[in-house]
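Structure data (mmCIF, C-alpha atoms, pLDDT in the B column; chains and numbers go by the auth columns) from input-v7.cif:
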```cif
data_my_file
#
loop_
_atom_site.group_PDB
_atom_site.id
_atom_site.type_symbol
_atom_site.label_atom_id
_atom_site.label_comp_id
_atom_site.label_asym_id
_atom_site.label_seq_id
_atom_site.Cartn_x
_atom_site.Cartn_y
_atom_site.Cartn_z
_atom_site.B_iso_or_equiv
_atom_site.auth_seq_id
_atom_site.auth_asym_id
ATOM 1 C CA MET A 1 1.222 -39.223 -1.230 91.00 6 A
ATOM 2 C CA GLU A 2 -2.029 -37.530 -0.231 96.00 7 A
ATOM 3 C CA ILE A 3 -3.705 -35.493 -2.978 97.00 8 A
ATOM 4 C CA ILE A 4 -6.167 -32.832 -1.822 98.00 9 A
ATOM 5 C CA PRO A 5 -8.277 -30.933 -4.358 98.00 10 A
ATOM 6 C CA VAL A 6 -8.806 -27.223 -3.817 97.00 11 A
ATOM 7 C CA ILE A 7 -11.713 -24.872 -4.426 97.00 12 A
ATOM 8 C CA ASP A 8 -11.630 -21.101 -3.998 95.00 13 A
ATOM 9 C CA LEU A 9 -15.001 -19.573 -3.113 97.00 14 A
ATOM 10 C CA LYS A 10 -15.922 -15.989 -3.908 95.00 15 A
ATOM 11 C CA GLY A 11 -19.441 -14.601 -4.016 94.00 16 A
ATOM 12 C CA GLY A 12 -20.880 -18.080 -3.573 95.00 17 A
ATOM 13 C CA LEU A 13 -19.132 -19.468 -6.667 97.00 18 A
ATOM 14 C CA VAL A 14 -15.944 -21.389 -7.345 97.00 19 A
ATOM 15 C CA VAL A 15 -13.371 -19.137 -8.998 95.00 20 A
ATOM 16 C CA ARG A 16 -10.219 -19.971 -10.910 86.00 21 A
ATOM 17 C CA ALA A 17 -7.225 -18.959 -8.814 73.00 22 A
ATOM 18 C CA ARG A 18 -4.145 -17.613 -10.522 71.00 23 A
ATOM 19 C CA MET A 19 -0.890 -16.471 -8.938 60.00 24 A
ATOM 20 C CA GLY A 20 -2.567 -15.095 -5.814 55.00 25 A
ATOM 21 C CA GLN A 21 -4.039 -12.119 -7.704 65.00 26 A
ATOM 22 C CA ARG A 22 -7.458 -12.368 -6.084 66.00 27 A
ATOM 23 C CA ASP A 23 -8.935 -9.298 -7.755 67.00 28 A
ATOM 24 C CA GLN A 24 -8.568 -11.125 -11.080 70.00 29 A
ATOM 25 C CA TYR A 25 -10.240 -14.388 -10.055 77.00 30 A
ATOM 26 C CA ARG A 26 -13.284 -15.227 -12.195 87.00 31 A
ATOM 27 C CA PRO A 27 -15.930 -18.001 -11.974 92.00 32 A
ATOM 28 C CA ILE A 28 -14.329 -21.236 -13.009 95.00 33 A
ATOM 29 C CA GLU A 29 -14.974 -22.886 -16.361 94.00 34 A
ATOM 30 C CA THR A 30 -14.052 -26.538 -16.264 97.00 35 A
ATOM 31 C CA PRO A 31 -14.906 -29.698 -18.222 97.00 36 A
ATOM 32 C CA LEU A 32 -15.548 -31.356 -14.865 98.00 37 A
ATOM 33 C CA SER A 33 -18.634 -29.247 -14.127 98.00 38 A
ATOM 34 C CA PRO A 34 -21.509 -27.622 -16.046 98.00 39 A
ATOM 35 C CA THR A 35 -21.420 -24.566 -13.760 98.00 40 A
ATOM 36 C CA SER A 36 -19.216 -22.796 -11.208 98.00 41 A
ATOM 37 C CA ASP A 37 -21.612 -23.721 -8.394 98.00 42 A
ATOM 38 C CA PRO A 38 -19.627 -25.320 -5.547 98.00 43 A
ATOM 39 C CA VAL A 39 -21.689 -28.507 -5.418 98.00 44 A
ATOM 40 C CA ASP A 40 -21.352 -29.030 -9.173 98.00 45 A
ATOM 41 C CA VAL A 41 -17.603 -28.397 -9.117 98.00 46 A
ATOM 42 C CA VAL A 42 -16.938 -30.679 -6.158 98.00 47 A
ATOM 43 C CA ARG A 43 -19.039 -33.404 -7.733 98.00 48 A
ATOM 44 C CA GLY A 44 -16.857 -33.061 -10.806 98.00 49 A
ATOM 45 C CA LEU A 45 -13.669 -33.317 -8.773 98.00 50 A
ATOM 46 C CA LEU A 46 -14.980 -36.435 -7.050 98.00 51 A
ATOM 47 C CA SER A 47 -15.665 -37.957 -10.486 97.00 52 A
ATOM 48 C CA VAL A 48 -11.897 -37.979 -10.991 97.00 53 A
ATOM 49 C CA LEU A 49 -11.307 -39.792 -7.693 97.00 54 A
ATOM 50 C CA ALA A 50 -13.151 -40.341 -4.421 97.00 55 A
ATOM 51 C CA PHE A 51 -11.011 -37.837 -2.540 98.00 56 A
ATOM 52 C CA ARG A 52 -11.370 -37.909 1.239 97.00 57 A
ATOM 53 C CA THR A 53 -10.387 -34.288 1.884 98.00 58 A
ATOM 54 C CA LEU A 54 -11.208 -30.960 0.223 98.00 59 A
ATOM 55 C CA TYR A 55 -9.377 -27.682 0.826 98.00 60 A
ATOM 56 C CA VAL A 56 -11.691 -24.660 0.713 98.00 61 A
ATOM 57 C CA ALA A 57 -10.399 -21.084 0.559 95.00 62 A
ATOM 58 C CA ASP A 58 -13.184 -18.744 1.692 96.00 63 A
ATOM 59 C CA LEU A 59 -11.922 -15.664 -0.127 95.00 64 A
ATOM 60 C CA ASP A 60 -14.767 -13.442 1.063 95.00 65 A
ATOM 61 C CA ALA A 61 -13.861 -14.192 4.666 95.00 66 A
ATOM 62 C CA ILE A 62 -10.137 -13.811 3.999 93.00 67 A
ATOM 63 C CA GLU A 63 -10.757 -10.386 2.445 92.00 68 A
ATOM 64 C CA ARG A 64 -13.264 -9.405 5.173 93.00 69 A
ATOM 65 C CA LYS A 65 -16.072 -9.100 2.615 93.00 70 A
ATOM 66 C CA GLY A 66 -18.520 -11.624 4.054 95.00 71 A
ATOM 67 C CA ASP A 67 -18.155 -15.389 4.085 95.00 72 A
ATOM 68 C CA ALA A 68 -19.049 -18.600 2.294 96.00 73 A
ATOM 69 C CA ALA A 69 -21.188 -20.022 5.096 95.00 74 A
ATOM 70 C CA THR A 70 -24.147 -20.862 2.844 97.00 75 A
ATOM 71 C CA ALA A 71 -21.950 -22.600 0.284 97.00 76 A
ATOM 72 C CA LEU A 72 -20.203 -24.587 3.009 97.00 77 A
ATOM 73 C CA VAL A 73 -23.518 -25.784 4.444 96.00 78 A
ATOM 74 C CA ARG A 74 -24.549 -26.958 0.972 97.00 79 A
ATOM 75 C CA LEU A 75 -21.245 -28.769 0.456 98.00 80 A
ATOM 76 C CA LYS A 76 -21.462 -30.583 3.777 97.00 81 A
ATOM 77 C CA SER A 77 -25.039 -31.594 3.032 97.00 82 A
ATOM 78 C CA ALA A 78 -24.184 -32.883 -0.442 98.00 83 A
ATOM 79 C CA PHE A 79 -20.926 -34.632 0.568 98.00 84 A
ATOM 80 C CA PRO A 80 -21.186 -35.606 4.246 97.00 85 A
ATOM 81 C CA ALA A 81 -18.202 -37.989 4.106 96.00 86 A
ATOM 82 C CA LEU A 82 -15.843 -35.329 2.762 97.00 87 A
ATOM 83 C CA ARG A 83 -13.383 -33.832 5.269 97.00 88 A
ATOM 84 C CA LEU A 84 -13.035 -30.063 4.811 98.00 89 A
ATOM 85 C CA TRP A 85 -9.900 -28.020 5.385 98.00 90 A
ATOM 86 C CA ILE A 86 -11.123 -24.423 5.553 98.00 91 A
ATOM 87 C CA ASP A 87 -8.981 -21.317 5.226 97.00 92 A
ATOM 88 C CA ASN A 88 -11.115 -18.325 6.238 97.00 93 A
ATOM 89 C CA GLY A 89 -8.467 -15.844 7.283 96.00 94 A
ATOM 90 C CA LEU A 90 -8.817 -16.298 11.034 97.00 95 A
ATOM 91 C CA GLY A 91 -6.131 -14.579 13.062 96.00 96 A
ATOM 92 C CA ASP A 92 -7.998 -13.861 16.288 95.00 97 A
ATOM 93 C CA GLY A 93 -7.656 -16.369 19.111 95.00 98 A
ATOM 94 C CA ASP A 94 -11.190 -16.163 20.472 96.00 99 A
ATOM 95 C CA ALA A 95 -12.722 -16.391 17.003 96.00 100 A
ATOM 96 C CA ALA A 96 -10.561 -19.378 16.087 97.00 101 A
ATOM 97 C CA ARG A 97 -11.414 -21.281 19.268 96.00 102 A
ATOM 98 C CA THR A 98 -15.131 -20.546 18.856 96.00 103 A
ATOM 99 C CA TRP A 99 -14.945 -21.783 15.259 96.00 104 A
ATOM 100 C CA LEU A 100 -13.276 -25.011 16.345 97.00 105 A
ATOM 101 C CA ASP A 101 -15.741 -25.532 19.208 95.00 106 A
ATOM 102 C CA ASP A 102 -18.739 -25.034 16.920 92.00 107 A
ATOM 103 C CA GLY A 103 -17.880 -27.508 14.176 89.00 108 A
ATOM 104 C CA THR A 104 -15.990 -30.566 12.977 88.00 109 A
ATOM 105 C CA ASP A 105 -14.095 -29.088 10.030 95.00 110 A
ATOM 106 C CA HIS A 106 -10.337 -28.596 10.025 98.00 111 A
ATOM 107 C CA LEU A 107 -9.033 -25.045 10.321 98.00 112 A
ATOM 108 C CA VAL A 108 -6.247 -23.721 8.135 98.00 113 A
ATOM 109 C CA LEU A 109 -4.414 -20.831 9.756 98.00 114 A
ATOM 110 C CA GLY A 110 -2.838 -18.798 6.966 97.00 115 A
ATOM 111 C CA SER A 111 0.365 -17.038 7.949 98.00 116 A
ATOM 112 C CA GLU A 112 -0.794 -13.965 6.008 95.00 117 A
ATOM 113 C CA ALA A 113 -3.646 -13.531 8.528 96.00 118 A
ATOM 114 C CA GLN A 114 -1.417 -13.729 11.615 97.00 119 A
ATOM 115 C CA ALA A 115 -0.110 -10.607 13.353 96.00 120 A
ATOM 116 C CA ASP A 116 2.197 -12.686 15.553 97.00 121 A
ATOM 117 C CA PRO A 117 2.852 -16.382 16.354 97.00 122 A
ATOM 118 C CA ILE A 118 0.630 -16.479 19.449 97.00 123 A
ATOM 119 C CA LEU A 119 -2.482 -18.072 17.914 98.00 124 A
ATOM 120 C CA VAL A 120 -0.530 -20.728 16.012 98.00 125 A
ATOM 121 C CA GLU A 121 1.462 -21.643 19.109 98.00 126 A
ATOM 122 C CA SER A 122 -1.659 -21.840 21.277 97.00 127 A
ATOM 123 C CA LEU A 123 -3.363 -24.257 18.846 98.00 128 A
ATOM 124 C CA ARG A 124 -0.358 -26.315 17.752 97.00 129 A
ATOM 125 C CA ASP A 125 -1.562 -29.424 19.600 97.00 130 A
ATOM 126 C CA ASP A 126 -5.101 -29.327 18.190 97.00 131 A
ATOM 127 C CA PRO A 127 -5.317 -32.149 15.597 96.00 132 A
ATOM 128 C CA ARG A 128 -7.759 -30.149 13.476 97.00 133 A
ATOM 129 C CA VAL A 129 -5.412 -27.204 12.940 98.00 134 A
ATOM 130 C CA ILE A 130 -3.173 -26.845 9.876 98.00 135 A
ATOM 131 C CA LEU A 131 -0.685 -24.019 9.326 98.00 136 A
ATOM 132 C CA SER A 132 -0.275 -22.535 5.861 98.00 137 A
ATOM 133 C CA LEU A 133 3.095 -20.862 5.365 97.00 138 A
ATOM 134 C CA ASP A 134 2.353 -18.336 2.618 95.00 139 A
ATOM 135 C CA PHE A 135 4.956 -16.972 0.216 94.00 140 A
ATOM 136 C CA ARG A 136 4.771 -14.318 -2.505 88.00 141 A
ATOM 137 C CA GLY A 137 7.858 -14.604 -4.648 79.00 142 A
ATOM 138 C CA ASP A 138 10.777 -14.980 -2.287 82.00 143 A
ATOM 139 C CA ALA A 139 8.994 -13.164 0.553 92.00 144 A
ATOM 140 C CA PHE A 140 7.263 -14.867 3.449 96.00 145 A
ATOM 141 C CA VAL A 141 3.821 -13.373 4.079 96.00 146 A
ATOM 142 C CA GLY A 142 3.343 -13.294 7.826 97.00 147 A
ATOM 143 C CA PRO A 143 5.317 -12.595 10.993 97.00 148 A
ATOM 144 C CA PRO A 144 8.980 -13.592 10.499 97.00 149 A
ATOM 145 C CA SER A 145 9.017 -14.991 14.033 98.00 150 A
ATOM 146 C CA LEU A 146 6.447 -17.597 12.950 98.00 151 A
ATOM 147 C CA LEU A 147 8.584 -18.864 10.093 97.00 152 A
ATOM 148 C CA ALA A 148 11.628 -18.948 12.361 96.00 153 A
ATOM 149 C CA ALA A 149 10.011 -21.119 15.040 97.00 154 A
ATOM 150 C CA PRO A 150 9.097 -24.575 13.661 97.00 155 A
ATOM 151 C CA ALA A 151 8.764 -25.876 17.220 97.00 156 A
ATOM 152 C CA ILE A 152 5.448 -23.997 17.567 98.00 157 A
ATOM 153 C CA TRP A 153 3.977 -25.283 14.296 98.00 158 A
ATOM 154 C CA PRO A 154 1.105 -27.822 14.333 98.00 159 A
ATOM 155 C CA ARG A 155 1.616 -31.316 12.967 98.00 160 A
ATOM 156 C CA ARG A 156 0.512 -30.421 9.429 98.00 161 A
ATOM 157 C CA ILE A 157 2.091 -27.654 7.346 98.00 162 A
ATOM 158 C CA ILE A 158 1.117 -26.303 3.934 98.00 163 A
ATOM 159 C CA VAL A 159 3.821 -24.532 1.933 97.00 164 A
ATOM 160 C CA MET A 160 1.762 -22.145 -0.199 92.00 165 A
ATOM 161 C CA THR A 161 3.662 -20.537 -3.059 89.00 166 A
ATOM 162 C CA LEU A 162 1.059 -18.002 -4.178 80.00 167 A
ATOM 163 C CA ALA A 163 2.843 -16.897 -7.344 72.00 168 A
ATOM 164 C CA ARG A 164 2.674 -20.471 -8.650 70.00 169 A
ATOM 165 C CA VAL A 165 -1.022 -21.074 -7.943 73.00 170 A
ATOM 166 C CA GLY A 166 -2.749 -21.734 -11.272 60.00 171 A
ATOM 167 C CA SER A 167 0.443 -20.883 -13.162 61.00 172 A
ATOM 168 C CA ALA A 168 1.562 -24.344 -14.371 69.00 173 A
ATOM 169 C CA ALA A 169 5.063 -23.275 -13.335 76.00 174 A
ATOM 170 C CA GLY A 170 5.819 -26.374 -11.313 86.00 175 A
ATOM 171 C CA PRO A 171 6.265 -26.697 -7.547 91.00 176 A
ATOM 172 C CA ASP A 172 8.885 -24.714 -5.666 91.00 177 A
ATOM 173 C CA LEU A 173 11.075 -27.698 -4.869 93.00 178 A
ATOM 174 C CA GLU A 174 13.835 -25.661 -3.232 92.00 179 A
ATOM 175 C CA ARG A 175 11.463 -24.014 -0.757 94.00 180 A
ATOM 176 C CA LEU A 176 9.628 -27.268 -0.056 95.00 181 A
ATOM 177 C CA ALA A 177 12.928 -28.975 0.707 95.00 182 A
ATOM 178 C CA ALA A 178 13.989 -26.127 2.987 95.00 183 A
ATOM 179 C CA ILE A 179 10.755 -26.252 5.006 96.00 184 A
ATOM 180 C CA HIS A 180 10.886 -30.031 5.161 96.00 185 A
ATOM 181 C CA ARG A 181 14.413 -29.908 6.593 96.00 186 A
ATOM 182 C CA ILE A 182 13.365 -27.735 9.527 96.00 187 A
ATOM 183 C CA SER A 183 9.873 -29.163 10.041 96.00 188 A
ATOM 184 C CA GLU A 184 10.910 -31.715 12.682 92.00 189 A
ATOM 185 C CA ASN A 185 8.983 -34.618 11.114 91.00 190 A
ATOM 186 C CA ARG A 186 5.773 -32.677 10.543 97.00 191 A
ATOM 187 C CA ARG A 187 3.579 -33.529 7.578 98.00 192 A
ATOM 188 C CA VAL A 188 4.352 -31.042 4.807 98.00 193 A
ATOM 189 C CA TYR A 189 1.976 -30.380 1.904 98.00 194 A
ATOM 190 C CA ALA A 190 2.882 -28.587 -1.317 96.00 195 A
ATOM 191 C CA ALA A 191 0.522 -25.960 -2.736 94.00 196 A
ATOM 192 C CA GLY A 192 1.021 -24.049 -5.956 88.00 197 A
ATOM 193 C CA GLY A 193 2.280 -25.113 -9.381 88.00 198 A
ATOM 194 C CA ILE A 194 1.630 -28.874 -9.330 92.00 199 A
ATOM 195 C CA ARG A 195 1.230 -29.785 -13.013 92.00 200 A
ATOM 196 C CA ASN A 196 1.358 -33.529 -13.461 94.00 201 A
ATOM 197 C CA ALA A 197 2.517 -36.907 -12.198 96.00 202 A
ATOM 198 C CA ALA A 198 6.181 -35.978 -12.649 96.00 203 A
ATOM 199 C CA ASP A 199 5.746 -33.104 -10.193 95.00 204 A
ATOM 200 C CA LEU A 200 4.104 -35.418 -7.678 96.00 205 A
ATOM 201 C CA THR A 201 6.994 -37.850 -8.015 96.00 206 A
ATOM 202 C CA ALA A 202 9.493 -35.030 -7.481 95.00 207 A
ATOM 203 C CA ILE A 203 7.898 -33.766 -4.286 96.00 208 A
ATOM 204 C CA LYS A 204 7.419 -37.302 -2.992 95.00 209 A
ATOM 205 C CA ARG A 205 11.136 -37.926 -3.402 94.00 210 A
ATOM 206 C CA ALA A 206 11.721 -34.718 -1.416 93.00 211 A
ATOM 207 C CA GLY A 207 9.816 -36.210 1.524 95.00 212 A
ATOM 208 C CA ILE A 208 6.652 -34.169 1.040 97.00 213 A
ATOM 209 C CA THR A 209 3.506 -35.783 2.456 96.00 214 A
ATOM 210 C CA GLY A 210 0.963 -34.500 -0.039 97.00 215 A
ATOM 211 C CA ALA A 211 -0.145 -31.854 -2.500 96.00 216 A
ATOM 212 C CA LEU A 212 -2.994 -29.398 -2.896 96.00 217 A
ATOM 213 C CA VAL A 213 -4.108 -29.317 -6.519 95.00 218 A
ATOM 214 C CA ALA A 214 -6.753 -27.654 -8.649 94.00 219 A
ATOM 215 C CA SER A 215 -5.845 -26.534 -12.188 91.00 220 A
ATOM 216 C CA SER A 216 -4.109 -29.803 -13.097 93.00 221 A
ATOM 217 C CA LEU A 217 -7.286 -31.718 -12.229 96.00 222 A
ATOM 218 C CA HIS A 218 -9.574 -29.396 -14.158 96.00 223 A
ATOM 219 C CA ASP A 219 -7.255 -29.374 -17.179 93.00 224 A
ATOM 220 C CA GLY A 220 -6.847 -33.150 -17.203 95.00 225 A
ATOM 221 C CA ARG A 221 -3.066 -33.058 -16.755 94.00 226 A
ATOM 222 C CA LEU A 222 -3.400 -35.027 -13.517 95.00 227 A
ATOM 223 C CA THR A 223 -5.541 -38.133 -13.875 96.00 228 A
ATOM 224 C CA ARG A 224 -7.004 -40.836 -11.685 96.00 229 A
ATOM 225 C CA ALA A 225 -4.276 -43.232 -12.872 96.00 230 A
ATOM 226 C CA ASP A 226 -1.576 -40.703 -11.962 95.00 231 A
ATOM 227 C CA ILE A 227 -2.911 -40.259 -8.455 95.00 232 A
ATOM 228 C CA GLU A 228 -3.509 -43.946 -7.834 95.00 233 A
ATOM 229 C CA ALA A 229 0.077 -44.647 -8.904 92.00 234 A
ATOM 230 C CA MET A 230 1.315 -42.452 -6.056 86.00 235 A
#
```

Can you give me the file's structure in the form of structure tokens?
Amino acid sequence: MEIIPVIDLKGGLVVRARMGQRDQYRPIETPLSPTSDPVDVVRGLLSVLAFRTLYVADLDAIERKGDAATALVRLKSAFPALRLWIDNGLGDGDAARTWLDDGTDHLVLGSEAQADPILVESLRDDPRVILSLDFRGDAFVGPPSLLAAPAIWPRRIIVMTLARVGSAAGPDLERLAAIHRISENRRVYAAGGIRNAADLTAIKRAGITGALVASSLHDGRLTRADIEAM
């Protein structure tokens, strides 16, 4: 079970995500960090465990209101061994390929940013590409043809249940199981609602590879001992 901490960046700060309602995100307050500065927050997360990978949602880029380039440079300088999975709302083929050519980070292609399946299909064999299948409630956010064609998915898939992000509602086990059944042995990661070790055990039993977590780490409901036991 691979546990990947998450930070959401907005205006150069880490914000507390809740249920995908981005207009309500505010700078995070957490016992793990004295400030909401990205370097401070990531240092706090790494004090829980020496995580190898960090998921970064660049909300400014996703919302076409700028980007978190400066914050990302600072993070890579402060934590050079940390692998970054970056979701920056890319849906254009040329822009995505330029981004991949220019760096070493891993690119998360969110289904909500895709107009059609073409970009995902064209990059499915790139080992640095991850597909996030985004859901709001029962609705898939993205082109239905993308959800219906697991053969064009890359090797790693995130199942992002936006309504459960920061909600402490628990993972969407039914949806995770459904995606896992059709994923053709791809690595599936759960995102949204992970509360504690019991949730990790439940998704592990469902064949899920890993989980993206944030609130449960900041609130102390998921501990080093819990993660190491996985």

> With distances taken over all atoms listed in the file, which of A:Arg141, A:Arg200, A:Arg79, A:Arg160 is nearest to A:Val125?
Replying inline: A:Arg160

> Rounded to one decimal in Å, what is the spacing between atom CA of A:Ala55 and atom CA of A:Thr35?
Replying inline: 18.2 Å

>> Once the PyMOL selection byres ((chain A and resi 114-117) around 8) has been evaluated on this model, what residues remain selected, and can you format them as an MDAnalysis selection string?
In response: chainID A and resid 92:96 112:113 118:119 125 134:139 146:148 151

> If you apply the PyMOL selection byres ((chain A and resi 33) around 12) to this file, what residues do you get, as a ChimeraX atom specification?
Replying inline: /A:12-15,17-23,29-32,34-43,45-47,171,219-220,223-224

>> Evaluate the PyMOL selection byres ((chain A and resi 111) around 10) against this structure - the residues, as a ChimeraX atom specification, please.
In response: /A:58,60,88-92,104-105,108-110,112-114,131-135

>> Calculated over only C-alpha atoms, which of the candidates A:Val78, A:Leu217, A:Leu227, A:Ile8 has the smallest distance to A:Val44?
In response: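 With only C-alpha atoms as the atom set, the closest residue is A:Val78.
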
>> Counting all atoms listed in the file, which residue out of A:Ala230, A:Ile163, A:Val218, A:Ala153 sits closest to A:Pro10?
In response: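 Between A:Ala230, A:Ile163, A:Val218, A:Ala153, the residue approaching A:Pro10 most closely is A:Val218.
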
>> (4.5, -15.1, -0.3) in this file's frame - what residues fall within 8 Å of it? Use only C-alpha atoms and give the answer as a list in words.
In response: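 In the file's frame, the residues around the point are Asp139, Phe140, Arg141, Gly142, Asp143, Ala144, Phe145, Val146, Met165, Thr166, Leu167 and Ala168 of chain A.
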
> A:Thr214, A:Thr103, A:Ser150, A:Ser52: which is nearest A:Asn190, counting only C-alpha atoms?
Replying inline: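 With only C-alpha atoms as the atom set, the closest residue is A:Thr214.
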
>> Could you tell me how far atom CA of A:Ala62 sits from atom CA of A:Leu152, in Å to one decimal place?
In response: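 Interatomic distance here is 21.4 Å.
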
>> For a cutoff of 6 Å around the file-coordinate point (-8.8, -23.9, 18.6), which residues qualify once you count all atoms listed in the file? I'd like the result as number ranges by chain.
In response: A: 101-102, 105, 128

Repair of stretch 193-201 of chain A at the level of all heavy atoms, as a short mmCIF file (atom, residue, chain, number, x, y, z; two decimals), keeping the file's coordinate frame:
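What follows is the written file rebuild-v4.cif:
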```cif
data_model
loop_
_atom_site.label_atom_id
_atom_site.label_comp_id
_atom_site.auth_asym_id
_atom_site.auth_seq_id
_atom_site.Cartn_x
_atom_site.Cartn_y
_atom_site.Cartn_z
N VAL A 193 4.25 -32.24 5.64
CA VAL A 193 4.35 -31.04 4.81
C VAL A 193 3.62 -31.28 3.49
O VAL A 193 3.82 -32.29 2.82
CB VAL A 193 5.83 -30.69 4.53
CG1 VAL A 193 5.93 -29.47 3.61
CG2 VAL A 193 6.57 -30.44 5.84
N TYR A 194 2.77 -30.31 3.13
CA TYR A 194 1.98 -30.38 1.90
C TYR A 194 2.39 -29.25 0.96
O TYR A 194 2.56 -28.11 1.38
CB TYR A 194 0.48 -30.25 2.22
CG TYR A 194 -0.07 -31.38 3.04
CD1 TYR A 194 0.11 -31.43 4.41
CD2 TYR A 194 -0.78 -32.42 2.44
CE1 TYR A 194 -0.38 -32.48 5.18
CE2 TYR A 194 -1.29 -33.48 3.19
CZ TYR A 194 -1.08 -33.49 4.56
OH TYR A 194 -1.57 -34.53 5.31
N ALA A 195 2.52 -29.58 -0.31
CA ALA A 195 2.88 -28.59 -1.32
C ALA A 195 1.63 -27.97 -1.91
O ALA A 195 0.65 -28.68 -2.21
CB ALA A 195 3.69 -29.25 -2.43
N ALA A 196 1.66 -26.65 -2.11
CA ALA A 196 0.52 -25.96 -2.74
C ALA A 196 1.06 -24.92 -3.70
O ALA A 196 1.86 -24.06 -3.31
CB ALA A 196 -0.36 -25.30 -1.68
N GLY A 197 0.62 -25.01 -4.94
CA GLY A 197 1.02 -24.05 -5.96
C GLY A 197 1.93 -24.65 -7.01
O GLY A 197 3.05 -25.07 -6.70
N GLY A 198 1.44 -24.73 -8.25
CA GLY A 198 2.28 -25.11 -9.38
C GLY A 198 2.31 -26.57 -9.75
O GLY A 198 3.00 -26.95 -10.71
N ILE A 199 1.60 -27.44 -9.00
CA ILE A 199 1.63 -28.87 -9.33
C ILE A 199 0.97 -29.08 -10.69
O ILE A 199 -0.21 -28.77 -10.89
CB ILE A 199 0.90 -29.70 -8.27
CG1 ILE A 199 1.51 -29.49 -6.88
CG2 ILE A 199 0.92 -31.19 -8.65
CD1 ILE A 199 2.91 -29.98 -6.74
N ARG A 200 1.73 -29.65 -11.65
CA ARG A 200 1.23 -29.78 -13.01
C ARG A 200 0.80 -31.20 -13.39
O ARG A 200 -0.17 -31.39 -14.12
CB ARG A 200 2.32 -29.34 -14.00
CG ARG A 200 2.75 -27.90 -13.86
CD ARG A 200 4.06 -27.64 -14.58
NE ARG A 200 5.16 -28.40 -13.96
CZ ARG A 200 6.44 -28.23 -14.27
NH1 ARG A 200 6.78 -27.34 -15.18
NH2 ARG A 200 7.37 -28.95 -13.66
N ASN A 201 1.53 -32.19 -12.92
CA ASN A 201 1.36 -33.53 -13.46
C ASN A 201 1.98 -34.57 -12.53
O ASN A 201 2.46 -34.24 -11.45
CB ASN A 201 1.99 -33.61 -14.86
CG ASN A 201 3.41 -33.04 -14.88
OD1 ASN A 201 4.16 -33.21 -13.92
ND2 ASN A 201 3.76 -32.35 -15.95
#
```
